[in-house]
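S.K.: So here's model28.pdb (PDB, N, CA and C atoms).
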ATOM      1  N   VAL A  18      29.568   7.787   7.375
ATOM      2  CA  VAL A  18      28.495   8.707   7.679
ATOM      3  C   VAL A  18      27.180   8.075   7.223
ATOM      4  N   MET A  19      26.196   8.056   8.141
ATOM      5  CA  MET A  19      24.884   7.489   7.816
ATOM      6  C   MET A  19      23.945   8.614   7.399
ATOM      7  N   THR A  20      23.238   8.419   6.327
ATOM      8  CA  THR A  20      22.265   9.418   5.893
ATOM      9  C   THR A  20      20.869   8.878   6.122
ATOM     10  N   VAL A  21      19.988   9.761   6.466
ATOM     11  CA  VAL A  21      18.594   9.404   6.687
ATOM     12  C   VAL A  21      17.843   9.625   5.380
ATOM     13  N   PRO A  22      17.202   8.572   4.867
ATOM     14  CA  PRO A  22      16.477   8.770   3.605
ATOM     15  C   PRO A  22      15.295   9.713   3.800
ATOM     16  N   GLU A  23      15.063  10.517   2.777
ATOM     17  CA  GLU A  23      13.908  11.417   2.825
ATOM     18  C   GLU A  23      12.628  10.591   2.723
ATOM     19  N   LYS A  24      11.604  11.066   3.411
ATOM     20  CA  LYS A  24      10.319  10.376   3.322
ATOM     21  C   LYS A  24       9.754  10.592   1.926
ATOM     22  N   THR A  25       9.281   9.502   1.340
ATOM     23  CA  THR A  25       8.647   9.642   0.037
ATOM     24  C   THR A  25       7.221  10.135   0.247
ATOM     25  N   PRO A  26       6.782  11.061  -0.580
ATOM     26  CA  PRO A  26       5.419  11.581  -0.398
ATOM     27  C   PRO A  26       4.400  10.488  -0.684
ATOM     28  N   LYS A  27       3.313  10.497   0.117
ATOM     29  CA  LYS A  27       2.237   9.536  -0.095
ATOM     30  C   LYS A  27       1.431   9.959  -1.315
ATOM     31  N   LEU A  28       1.244   9.031  -2.216
ATOM     32  CA  LEU A  28       0.418   9.308  -3.383
ATOM     33  C   LEU A  28      -1.006   8.902  -3.067
ATOM     34  N   GLN A  29      -1.942   9.759  -3.386
ATOM     35  CA  GLN A  29      -3.359   9.458  -3.195
ATOM     36  C   GLN A  29      -3.797   8.473  -4.268
ATOM     37  N   VAL A  30      -4.537   7.468  -3.854
ATOM     38  CA  VAL A  30      -5.097   6.515  -4.810
ATOM     39  C   VAL A  30      -6.324   7.158  -5.437
ATOM     40  N   GLU A  31      -6.374   7.127  -6.750
ATOM     41  CA  GLU A  31      -7.523   7.690  -7.454
ATOM     42  C   GLU A  31      -8.482   6.565  -7.817
ATOM     43  N   PRO A  32      -9.681   6.549  -7.209
ATOM     44  CA  PRO A  32     -10.629   5.481  -7.552
ATOM     45  C   PRO A  32     -11.170   5.654  -8.960
ATOM     46  N   VAL A  33     -11.307   4.551  -9.650
ATOM     47  CA  VAL A  33     -11.901   4.538 -10.984
ATOM     48  C   VAL A  33     -13.151   3.660 -10.894
ATOM     49  N   TYR A  34     -14.295   4.272 -11.109
ATOM     50  CA  TYR A  34     -15.566   3.561 -10.989
ATOM     51  C   TYR A  34     -16.044   3.099 -12.359
ATOM     52  N   PRO A  35     -16.608   1.890 -12.426
ATOM     53  CA  PRO A  35     -17.162   1.438 -13.709
ATOM     54  C   PRO A  35     -18.425   2.222 -14.041
ATOM     55  N   GLU A  36     -18.842   2.133 -15.287
ATOM     56  CA  GLU A  36     -20.062   2.828 -15.705
ATOM     57  C   GLU A  36     -21.250   2.405 -14.858
ATOM     58  N   HIS A  37     -21.333   1.116 -14.562
ATOM     59  CA  HIS A  37     -22.431   0.604 -13.745
ATOM     60  C   HIS A  37     -21.824  -0.036 -12.501
ATOM     61  N   LEU A  38     -22.087   0.535 -11.349
ATOM     62  CA  LEU A  38     -21.563   0.022 -10.086
ATOM     63  C   LEU A  38     -22.711  -0.550  -9.277
ATOM     64  N   ASP A  39     -22.634  -1.836  -8.965
ATOM     65  CA  ASP A  39     -23.680  -2.467  -8.161
ATOM     66  C   ASP A  39     -23.638  -1.926  -6.734
ATOM     67  N   THR A  40     -24.799  -1.601  -6.200
ATOM     68  CA  THR A  40     -24.928  -1.184  -4.815
ATOM     69  C   THR A  40     -25.812  -2.199  -4.121
ATOM     70  N   ILE A  41     -25.292  -2.780  -3.031
ATOM     71  CA  ILE A  41     -26.001  -3.839  -2.330
ATOM     72  C   ILE A  41     -26.102  -3.470  -0.859
ATOM     73  N   TYR A  42     -27.303  -3.569  -0.297
ATOM     74  CA  TYR A  42     -27.528  -3.302   1.119
ATOM     75  C   TYR A  42     -27.169  -4.545   1.929
ATOM     76  N   SER A  43     -26.580  -4.339   3.096
ATOM     77  CA  SER A  43     -26.267  -5.446   3.998
ATOM     78  C   SER A  43     -26.591  -5.043   5.429
ATOM     79  N   ASN A  44     -27.280  -5.921   6.154
ATOM     80  CA  ASN A  44     -27.513  -5.687   7.578
ATOM     81  C   ASN A  44     -26.985  -6.859   8.403
ATOM     82  N   HIS A  45     -26.093  -7.633   7.780
ATOM     83  CA  HIS A  45     -25.501  -8.790   8.450
ATOM     84  C   HIS A  45     -24.097  -9.012   7.901
ATOM     85  N   VAL A  46     -23.137  -9.288   8.784
ATOM     86  CA  VAL A  46     -21.787  -9.640   8.335
ATOM     87  C   VAL A  46     -21.220 -10.711   9.259
ATOM     88  N   GLN A  47     -20.596 -11.687   8.660
ATOM     89  CA  GLN A  47     -19.849 -12.706   9.389
ATOM     90  C   GLN A  47     -18.410 -12.572   8.930
ATOM     91  N   PHE A  48     -17.468 -12.892   9.814
ATOM     92  CA  PHE A  48     -16.101 -12.891   9.325
ATOM     93  C   PHE A  48     -15.300 -14.016   9.940
ATOM     94  N   ASN A  49     -14.330 -14.470   9.158
ATOM     95  CA  ASN A  49     -13.418 -15.533   9.571
ATOM     96  C   ASN A  49     -11.997 -15.024   9.387
ATOM     97  N   ILE A  50     -11.119 -15.454  10.276
ATOM     98  CA  ILE A  50      -9.732 -15.021  10.175
ATOM     99  C   ILE A  50      -8.804 -16.224  10.133
ATOM    100  N   SER A  51      -7.698 -16.051   9.438
ATOM    101  CA  SER A  51      -6.621 -17.028   9.449
ATOM    102  C   SER A  51      -5.319 -16.229   9.460
ATOM    103  N   VAL A  52      -4.223 -16.919   9.475
ATOM    104  CA  VAL A  52      -2.920 -16.241   9.446
ATOM    105  C   VAL A  52      -2.779 -15.418   8.173
ATOM    106  N   TRP A  53      -3.372 -15.881   7.070
ATOM    107  CA  TRP A  53      -3.149 -15.272   5.773
ATOM    108  C   TRP A  53      -4.200 -14.251   5.353
ATOM    109  N   ASP A  54      -5.442 -14.414   5.837
ATOM    110  CA  ASP A  54      -6.467 -13.496   5.350
ATOM    111  C   ASP A  54      -7.627 -13.364   6.320
ATOM    112  N   VAL A  55      -8.438 -12.341   6.045
ATOM    113  CA  VAL A  55      -9.676 -12.090   6.774
ATOM    114  C   VAL A  55     -10.785 -12.129   5.725
ATOM    115  N   THR A  56     -11.814 -12.942   5.992
ATOM    116  CA  THR A  56     -12.915 -13.091   5.048
ATOM    117  C   THR A  56     -14.184 -12.517   5.663
ATOM    118  N   PHE A  57     -14.824 -11.606   4.932
ATOM    119  CA  PHE A  57     -16.094 -11.008   5.337
ATOM    120  C   PHE A  57     -17.183 -11.565   4.432
ATOM    121  N   ASN A  58     -18.252 -12.076   5.015
ATOM    122  CA  ASN A  58     -19.434 -12.515   4.265
ATOM    123  C   ASN A  58     -20.576 -11.564   4.606
ATOM    124  N   PHE A  59     -21.015 -10.795   3.613
ATOM    125  CA  PHE A  59     -22.086  -9.825   3.805
ATOM    126  C   PHE A  59     -23.402 -10.396   3.303
ATOM    127  N   GLY A  60     -24.482 -10.046   3.991
ATOM    128  CA  GLY A  60     -25.788 -10.513   3.581
ATOM    129  C   GLY A  60     -26.902  -9.686   4.190
ATOM    130  N   THR A  61     -28.108 -10.160   4.013
ATOM    131  CA  THR A  61     -29.271  -9.503   4.604
ATOM    132  C   THR A  61     -30.053 -10.529   5.407
ATOM    133  N   ILE A  62     -30.620 -10.078   6.504
ATOM    134  CA  ILE A  62     -31.450 -10.934   7.344
ATOM    135  C   ILE A  62     -32.899 -10.615   7.049
ATOM    136  N   ASP A  63     -33.638 -11.663   6.734
ATOM    137  CA  ASP A  63     -35.081 -11.514   6.553
ATOM    138  C   ASP A  63     -35.753 -11.895   7.866
ATOM    139  N   PRO A  64     -36.850 -11.244   8.204
ATOM    140  CA  PRO A  64     -37.530 -11.608   9.452
ATOM    141  C   PRO A  64     -38.028 -13.044   9.382
ATOM    142  N   PRO A  65     -38.102 -13.708  10.536
ATOM    143  CA  PRO A  65     -38.559 -15.098  10.534
ATOM    144  C   PRO A  65     -40.005 -15.206  10.086
ATOM    145  N   PRO A  66     -40.341 -16.282   9.361
ATOM    146  CA  PRO A  66     -41.720 -16.452   8.919
ATOM    147  C   PRO A  66     -42.679 -16.801  10.051
ATOM    148  N   GLY A  67     -42.176 -17.343  11.128
ATOM    149  CA  GLY A  67     -43.026 -17.702  12.263
ATOM    150  C   GLY A  67     -42.248 -17.544  13.555
ATOM    151  N   LYS A  68     -42.960 -17.619  14.682
ATOM    152  CA  LYS A  68     -42.315 -17.403  15.979
ATOM    153  C   LYS A  68     -41.297 -18.486  16.323
ATOM    154  N   ASP A  69     -41.478 -19.687  15.814
ATOM    155  CA  ASP A  69     -40.600 -20.795  16.172
ATOM    156  C   ASP A  69     -39.430 -20.986  15.209
ATOM    157  N   GLN A  70     -39.328 -20.135  14.192
ATOM    158  CA  GLN A  70     -38.255 -20.277  13.213
ATOM    159  C   GLN A  70     -37.257 -19.133  13.349
ATOM    160  N   ALA A  71     -35.976 -19.470  13.279
ATOM    161  CA  ALA A  71     -34.917 -18.460  13.361
ATOM    162  C   ALA A  71     -34.852 -17.672  12.053
ATOM    163  N   PRO A  72     -34.447 -16.409  12.121
ATOM    164  CA  PRO A  72     -34.280 -15.643  10.880
ATOM    165  C   PRO A  72     -33.144 -16.230  10.049
ATOM    166  N   LYS A  73     -33.173 -15.998   8.756
ATOM    167  CA  LYS A  73     -32.135 -16.487   7.850
ATOM    168  C   LYS A  73     -31.319 -15.315   7.331
ATOM    169  N   ALA A  74     -30.010 -15.522   7.288
ATOM    170  CA  ALA A  74     -29.117 -14.521   6.705
ATOM    171  C   ALA A  74     -28.737 -15.000   5.309
ATOM    172  N   PHE A  75     -29.148 -14.251   4.295
ATOM    173  CA  PHE A  75     -28.853 -14.594   2.910
ATOM    174  C   PHE A  75     -27.566 -13.882   2.499
ATOM    175  N   ILE A  76     -26.488 -14.636   2.364
ATOM    176  CA  ILE A  76     -25.174 -14.070   2.044
ATOM    177  C   ILE A  76     -25.123 -13.764   0.550
ATOM    178  N   HIS A  77     -24.704 -12.531   0.213
ATOM    179  CA  HIS A  77     -24.651 -12.147  -1.192
ATOM    180  C   HIS A  77     -23.276 -11.688  -1.653
ATOM    181  N   THR A  78     -22.359 -11.376  -0.724
ATOM    182  CA  THR A  78     -21.053 -10.856  -1.118
ATOM    183  C   THR A  78     -19.985 -11.367  -0.174
ATOM    184  N   ARG A  79     -18.851 -11.772  -0.728
ATOM    185  CA  ARG A  79     -17.698 -12.183   0.072
ATOM    186  C   ARG A  79     -16.514 -11.292  -0.301
ATOM    187  N   ILE A  80     -15.886 -10.711   0.716
ATOM    188  CA  ILE A  80     -14.691  -9.879   0.537
ATOM    189  C   ILE A  80     -13.567 -10.535   1.327
ATOM    190  N   ILE A  81     -12.419 -10.729   0.695
ATOM    191  CA  ILE A  81     -11.259 -11.313   1.367
ATOM    192  C   ILE A  81     -10.126 -10.291   1.330
ATOM    193  N   MET A  82      -9.512 -10.057   2.503
ATOM    194  CA  MET A  82      -8.404  -9.095   2.628
ATOM    195  C   MET A  82      -7.261  -9.731   3.408
ATOM    196  N   SER A  83      -6.085  -9.153   3.243
ATOM    197  CA  SER A  83      -4.975  -9.537   4.097
ATOM    198  C   SER A  83      -5.252  -8.982   5.498
ATOM    199  N   PRO A  84      -4.671  -9.569   6.542
ATOM    200  CA  PRO A  84      -4.853  -9.007   7.880
ATOM    201  C   PRO A  84      -4.419  -7.538   7.975
ATOM    202  N   ASN A  85      -3.354  -7.161   7.269
ATOM    203  CA  ASN A  85      -2.909  -5.760   7.288
ATOM    204  C   ASN A  85      -3.959  -4.837   6.688
ATOM    205  N   HIS A  86      -4.545  -5.239   5.561
ATOM    206  CA  HIS A  86      -5.588  -4.417   4.946
ATOM    207  C   HIS A  86      -6.825  -4.360   5.835
ATOM    208  N   ALA A  87      -7.175  -5.480   6.473
ATOM    209  CA  ALA A  87      -8.342  -5.502   7.362
ATOM    210  C   ALA A  87      -8.132  -4.562   8.552
ATOM    211  N   LYS A  88      -6.922  -4.522   9.099
ATOM    212  CA  LYS A  88      -6.644  -3.621  10.228
ATOM    213  C   LYS A  88      -6.751  -2.167   9.790
ATOM    214  N   GLN A  89      -6.227  -1.839   8.620
ATOM    215  CA  GLN A  89      -6.325  -0.474   8.101
ATOM    216  C   GLN A  89      -7.783  -0.123   7.813
ATOM    217  N   PHE A  90      -8.552  -1.068   7.276
ATOM    218  CA  PHE A  90      -9.980  -0.877   7.026
ATOM    219  C   PHE A  90     -10.704  -0.568   8.333
ATOM    220  N   ALA A  91     -10.403  -1.338   9.395
ATOM    221  CA  ALA A  91     -11.038  -1.120  10.703
ATOM    222  C   ALA A  91     -10.695   0.264  11.242
ATOM    223  N   LYS A  92      -9.461   0.695  11.072
ATOM    224  CA  LYS A  92      -9.036   2.025  11.540
ATOM    225  C   LYS A  92      -9.811   3.127  10.809
ATOM    226  N   ILE A  93      -9.877   3.012   9.498
ATOM    227  CA  ILE A  93     -10.582   4.025   8.698
ATOM    228  C   ILE A  93     -12.071   4.017   9.011
ATOM    229  N   LEU A  94     -12.657   2.840   9.180
ATOM    230  CA  LEU A  94     -14.076   2.726   9.517
ATOM    231  C   LEU A  94     -14.356   3.390  10.867
ATOM    232  N   ASN A  95     -13.538   3.107  11.874
ATOM    233  CA  ASN A  95     -13.720   3.721  13.196
ATOM    234  C   ASN A  95     -13.583   5.235  13.144
ATOM    235  N   GLU A  96     -12.598   5.745  12.416
ATOM    236  CA  GLU A  96     -12.425   7.197  12.285
ATOM    237  C   GLU A  96     -13.662   7.836  11.675
ATOM    238  N   ASN A  97     -14.219   7.197  10.656
ATOM    239  CA  ASN A  97     -15.395   7.767   9.990
ATOM    240  C   ASN A  97     -16.656   7.638  10.828
ATOM    241  N   ILE A  98     -16.781   6.599  11.638
ATOM    242  CA  ILE A  98     -17.919   6.496  12.554
ATOM    243  C   ILE A  98     -17.821   7.594  13.617
ATOM    244  N   GLU A  99     -16.618   7.871  14.099
ATOM    245  CA  GLU A  99     -16.439   8.968  15.058
ATOM    246  C   GLU A  99     -16.857  10.301  14.445
ATOM    247  N   LYS A 100     -16.482  10.543  13.183
ATOM    248  CA  LYS A 100     -16.886  11.776  12.492
ATOM    249  C   LYS A 100     -18.410  11.837  12.358
ATOM    250  N   TYR A 101     -19.012  10.713  11.991
ATOM    251  CA  TYR A 101     -20.470  10.638  11.865
ATOM    252  C   TYR A 101     -21.126  11.022  13.184
ATOM    253  N   GLU A 102     -20.640  10.445  14.299
ATOM    254  CA  GLU A 102     -21.243  10.707  15.609
ATOM    255  C   GLU A 102     -21.034  12.149  16.052
ATOM    256  N   GLU A 103     -19.939  12.772  15.655
ATOM    257  CA  GLU A 103     -19.731  14.191  15.965
ATOM    258  C   GLU A 103     -20.799  15.049  15.297
ATOM    259  N   ILE A 104     -21.195  14.654  14.093
ATOM    260  CA  ILE A 104     -22.175  15.430  13.328
ATOM    261  C   ILE A 104     -23.608  15.084  13.720
ATOM    262  N   PHE A 105     -23.915  13.780  13.808
ATOM    263  CA  PHE A 105     -25.298  13.331  13.959
ATOM    264  C   PHE A 105     -25.658  12.790  15.341
ATOM    265  N   GLY A 106     -24.688  12.629  16.212
ATOM    266  CA  GLY A 106     -24.953  12.092  17.542
ATOM    267  C   GLY A 106     -24.504  10.647  17.665
ATOM    268  N   VAL A 107     -24.396  10.209  18.900
ATOM    269  CA  VAL A 107     -23.881   8.876  19.199
ATOM    270  C   VAL A 107     -24.853   7.802  18.726
ATOM    271  N   LEU A 108     -24.304   6.790  18.079
ATOM    272  CA  LEU A 108     -25.102   5.650  17.629
ATOM    273  C   LEU A 108     -25.301   4.690  18.797
ATOM    274  N   ASN A 109     -26.538   4.293  19.022
ATOM    275  CA  ASN A 109     -26.845   3.348  20.077
ATOM    276  C   ASN A 109     -26.959   1.960  19.445
ATOM    277  N   VAL A 110     -26.030   1.057  19.775
ATOM    278  CA  VAL A 110     -26.061  -0.269  19.179
ATOM    279  C   VAL A 110     -26.666  -1.316  20.100
ATOM    280  N   GLU A 111     -27.030  -0.924  21.306
ATOM    281  CA  GLU A 111     -27.673  -1.849  22.227
ATOM    282  C   GLU A 111     -29.171  -1.888  21.957
ATOM    283  N   PRO A 112     -29.757  -3.090  21.924
ATOM    284  CA  PRO A 112     -31.206  -3.160  21.675
ATOM    285  C   PRO A 112     -31.980  -2.560  22.841
ATOM    286  N   LYS A 113     -33.131  -1.994  22.502
ATOM    287  CA  LYS A 113     -33.998  -1.428  23.549
ATOM    288  C   LYS A 113     -34.589  -2.551  24.380
ATOM    289  N   LYS A 114     -34.654  -2.335  25.675
ATOM    290  CA  LYS A 114     -35.258  -3.325  26.568
ATOM    291  C   LYS A 114     -36.715  -2.958  26.798
ATOM    292  N   GLY A 115     -37.520  -3.973  26.869
ATOM    293  CA  GLY A 115     -38.909  -3.636  27.155
ATOM    294  C   GLY A 115     -39.886  -4.553  26.628
TER
END
Starting from the coordinates I provided, produce the structure as structure tokens.
M.R.:
Amino acid sequence: VMTVPEKTPKLQVEPVYPEHLDTIYSNHVQFNISVWDVTFNFGTIDPPPGKDQAPKAFIHTRIIMSPNHAKQFAKILNENIEKYEEIFGVLNVEPKKG
């Protein structure tokens, strides 16, 4: 006789924050993937100093995750963006033409 194991209840992870938590703004992200991990490089773009110079992205934080964690992160991020748009309206990510 085969028995079906009962599902174990999911335990909620309780975040523990340090006394001082650094908060860093980012308006730029690059990422690289391999079989073993996904690497995110976060930074900020400063406007170019002149018309002939490209803007520079100053990288300040690197986050490395397993592909499984990155996929779960993408799922959670998409769900929360959908919730945001339900409340505040659709985000337009296409640049304005003109």
S.K.: Record the distance separating CA of Glu31 in chain A and CA of Asn58 in chain A, expressed in Å with one decimal.
M.R.: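 Between CA of Glu31 in chain A and CA of Asn58 in chain A the gap works out to 26.2 Å.
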S.K.: Please identify all polymer residues within 6 Å of range 62-79 of chain A, counting all atoms listed in the file, omitting same-chain residues fewer than 3 positions from it, and present them as a PyMOL selection string.
M.R.: chain A and resi 44-45+57-59
S.K.: One number please: CA of Thr56 in chain A to CA of Ala91 in chain A, in Å, one decimal.
M.R.: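 Computing it gives 13.4 Å between the two atoms.
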S.K.: Enumerate as a list in words all residues of range 69-104 of chain A assigned to strand (DSSP E) by DSSP on the backbone, naming them with the chain letters and numbers the document uses.
M.R.: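 Written out, the strand (DSSP E) residues of range 69-104 of chain A are Lys73, Ala74, Phe75, Ile76, His77, Thr78, Arg79, Ile80, Ile81 and Met82 of chain A.
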S.K.: Could you tell me how far CA of Ile104 in chain A lies from CA of Thr40 in chain A, in Å and to one decimal?
M.R.: 24.8 Å
S.K.: Could you tell me which of A:Pro32, A:Asp39, A:Ala87, A:Thr25 comes closest to Val55 in chain A if we count only N, CA and C atoms?
M.R.: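 Nearest candidate to Val55 in chain A out of A:Pro32, A:Asp39, A:Ala87, A:Thr25: A:Ala87.
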S.K.: Could you go through chain A and tell me which residues DSSP, when run on the backbone, assigns to helix (DSSP H, G or I), listing them as a PyMOL selection string?
M.R.: chain A and resi 84-105
S.K.: Pick out the closest residue to Ser51 in chain A from this set: A:Pro84, A:Lys100, A:Lys113, A:Lys24. Count all atoms listed in the file.
M.R.: A:Pro84
S.K.: Centre and edge lengths, as lines of an AutoDock Vina configuration file, for the axis-aligned box enclosing every listed atom of range 51-59 of chain A with 3 Å of padding on each of the six sides, in Å to one decimal?
M.R.:
center_x = -13.1
center_y = -13.4
center_z = 6.4
size_x = 26.6
size_y = 13.2
size_z = 12.2
S.K.: Which is closest to Phe48 in chain A among A:Val33, A:Lys27, A:Val107, A:Ile81, if we use only C-alpha atoms?
M.R.: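 Checking each candidate against Phe48 in chain A, we get A:Ile81 as the closest.
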S.K.: Hey, which of A:Asp54, A:Lys92, A:Gly60, A:Gln29 ends up closest to Tyr42 in chain A? Count all atoms listed in the file.
M.R.: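 Using all atoms listed in the file, the shortest distance to Tyr42 in chain A belongs to A:Gly60.
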S.K.: Could you get me a file of range 62-72 of chain A with all heavy atoms, as an mmCIF file, in the first residue's frame, taken from the block above?
M.R.:
data_model
loop_
_atom_site.group_PDB
_atom_site.id
_atom_site.type_symbol
_atom_site.label_atom_id
_atom_site.label_comp_id
_atom_site.auth_asym_id
_atom_site.auth_seq_id
_atom_site.Cartn_x
_atom_site.Cartn_y
_atom_site.Cartn_z
ATOM 1 N N ILE A 62 23.292 55.941 -13.306
ATOM 2 C CA ILE A 62 23.778 56.598 -14.513
ATOM 3 C C ILE A 62 23.766 58.091 -14.270
ATOM 4 O O ILE A 62 22.757 58.655 -13.854
ATOM 5 C CB ILE A 62 22.897 56.257 -15.729
ATOM 6 C CG1 ILE A 62 23.026 54.775 -16.052
ATOM 7 C CG2 ILE A 62 23.274 57.119 -16.928
ATOM 8 C CD1 ILE A 62 22.202 54.329 -17.226
ATOM 9 N N ASP A 63 24.915 58.694 -14.511
ATOM 10 C CA ASP A 63 25.006 60.152 -14.442
ATOM 11 C C ASP A 63 24.845 60.693 -15.856
ATOM 12 O O ASP A 63 25.290 60.067 -16.813
ATOM 13 C CB ASP A 63 26.350 60.581 -13.868
ATOM 14 C CG ASP A 63 26.411 60.391 -12.363
ATOM 15 O OD1 ASP A 63 25.342 60.252 -11.756
ATOM 16 O OD2 ASP A 63 27.519 60.385 -11.812
ATOM 17 N N PRO A 64 24.227 61.849 -16.003
ATOM 18 C CA PRO A 64 24.080 62.404 -17.353
ATOM 19 C C PRO A 64 25.446 62.702 -17.953
ATOM 20 O O PRO A 64 26.409 62.962 -17.237
ATOM 21 C CB PRO A 64 23.279 63.688 -17.144
ATOM 22 C CG PRO A 64 23.377 63.987 -15.705
ATOM 23 C CD PRO A 64 23.690 62.721 -14.988
ATOM 24 N N PRO A 65 25.547 62.622 -19.280
ATOM 25 C CA PRO A 65 26.838 62.882 -19.916
ATOM 26 C C PRO A 65 27.275 64.322 -19.717
ATOM 27 O O PRO A 65 26.450 65.227 -19.707
ATOM 28 C CB PRO A 65 26.575 62.582 -21.393
ATOM 29 C CG PRO A 65 25.098 62.721 -21.562
ATOM 30 C CD PRO A 65 24.490 62.355 -20.237
ATOM 31 N N PRO A 66 28.587 64.545 -19.556
ATOM 32 C CA PRO A 66 29.071 65.909 -19.381
ATOM 33 C C PRO A 66 28.989 66.748 -20.650
ATOM 34 O O PRO A 66 28.941 67.952 -20.587
ATOM 35 C CB PRO A 66 30.522 65.726 -18.936
ATOM 36 C CG PRO A 66 30.885 64.344 -19.349
ATOM 37 C CD PRO A 66 29.617 63.552 -19.429
ATOM 38 N N GLY A 67 28.956 66.117 -21.794
ATOM 39 C CA GLY A 67 28.870 66.847 -23.059
ATOM 40 C C GLY A 67 28.089 66.030 -24.070
ATOM 41 O O GLY A 67 27.806 64.863 -23.854
ATOM 42 N N LYS A 68 27.739 66.662 -25.192
ATOM 43 C CA LYS A 68 26.918 65.984 -26.197
ATOM 44 C C LYS A 68 27.636 64.809 -26.855
ATOM 45 O O LYS A 68 27.000 63.868 -27.291
ATOM 46 C CB LYS A 68 26.471 66.979 -27.267
ATOM 47 C CG LYS A 68 25.477 67.991 -26.773
ATOM 48 C CD LYS A 68 25.024 68.901 -27.888
ATOM 49 C CE LYS A 68 24.037 69.923 -27.349
ATOM 50 N NZ LYS A 68 23.538 70.793 -28.402
ATOM 51 N N ASP A 69 28.950 64.850 -26.925
ATOM 52 C CA ASP A 69 29.698 63.811 -27.622
ATOM 53 C C ASP A 69 30.168 62.679 -26.710
ATOM 54 O O ASP A 69 30.839 61.766 -27.162
ATOM 55 C CB ASP A 69 30.914 64.423 -28.330
ATOM 56 C CG ASP A 69 30.499 65.396 -29.421
ATOM 57 O OD1 ASP A 69 29.382 65.255 -29.963
ATOM 58 O OD2 ASP A 69 31.295 66.312 -29.713
ATOM 59 N N GLN A 70 29.838 62.750 -25.424
ATOM 60 C CA GLN A 70 30.282 61.723 -24.488
ATOM 61 C C GLN A 70 29.098 60.886 -24.017
ATOM 62 O O GLN A 70 28.024 61.419 -23.715
ATOM 63 C CB GLN A 70 30.980 62.351 -23.291
ATOM 64 C CG GLN A 70 32.312 62.986 -23.644
ATOM 65 C CD GLN A 70 32.996 63.523 -22.423
ATOM 66 O OE1 GLN A 70 32.373 64.161 -21.579
ATOM 67 N NE2 GLN A 70 34.295 63.270 -22.323
ATOM 68 N N ALA A 71 29.300 59.577 -23.958
ATOM 69 C CA ALA A 71 28.254 58.664 -23.489
ATOM 70 C C ALA A 71 28.110 58.779 -21.972
ATOM 71 O O ALA A 71 29.088 59.063 -21.271
ATOM 72 C CB ALA A 71 28.608 57.232 -23.871
ATOM 73 N N PRO A 72 26.909 58.549 -21.454
ATOM 74 C CA PRO A 72 26.745 58.557 -19.996
ATOM 75 C C PRO A 72 27.516 57.397 -19.374
ATOM 76 O O PRO A 72 27.790 56.399 -20.032
ATOM 77 C CB PRO A 72 25.239 58.395 -19.796
ATOM 78 C CG PRO A 72 24.729 57.839 -21.067
ATOM 79 C CD PRO A 72 25.673 58.257 -22.150
#
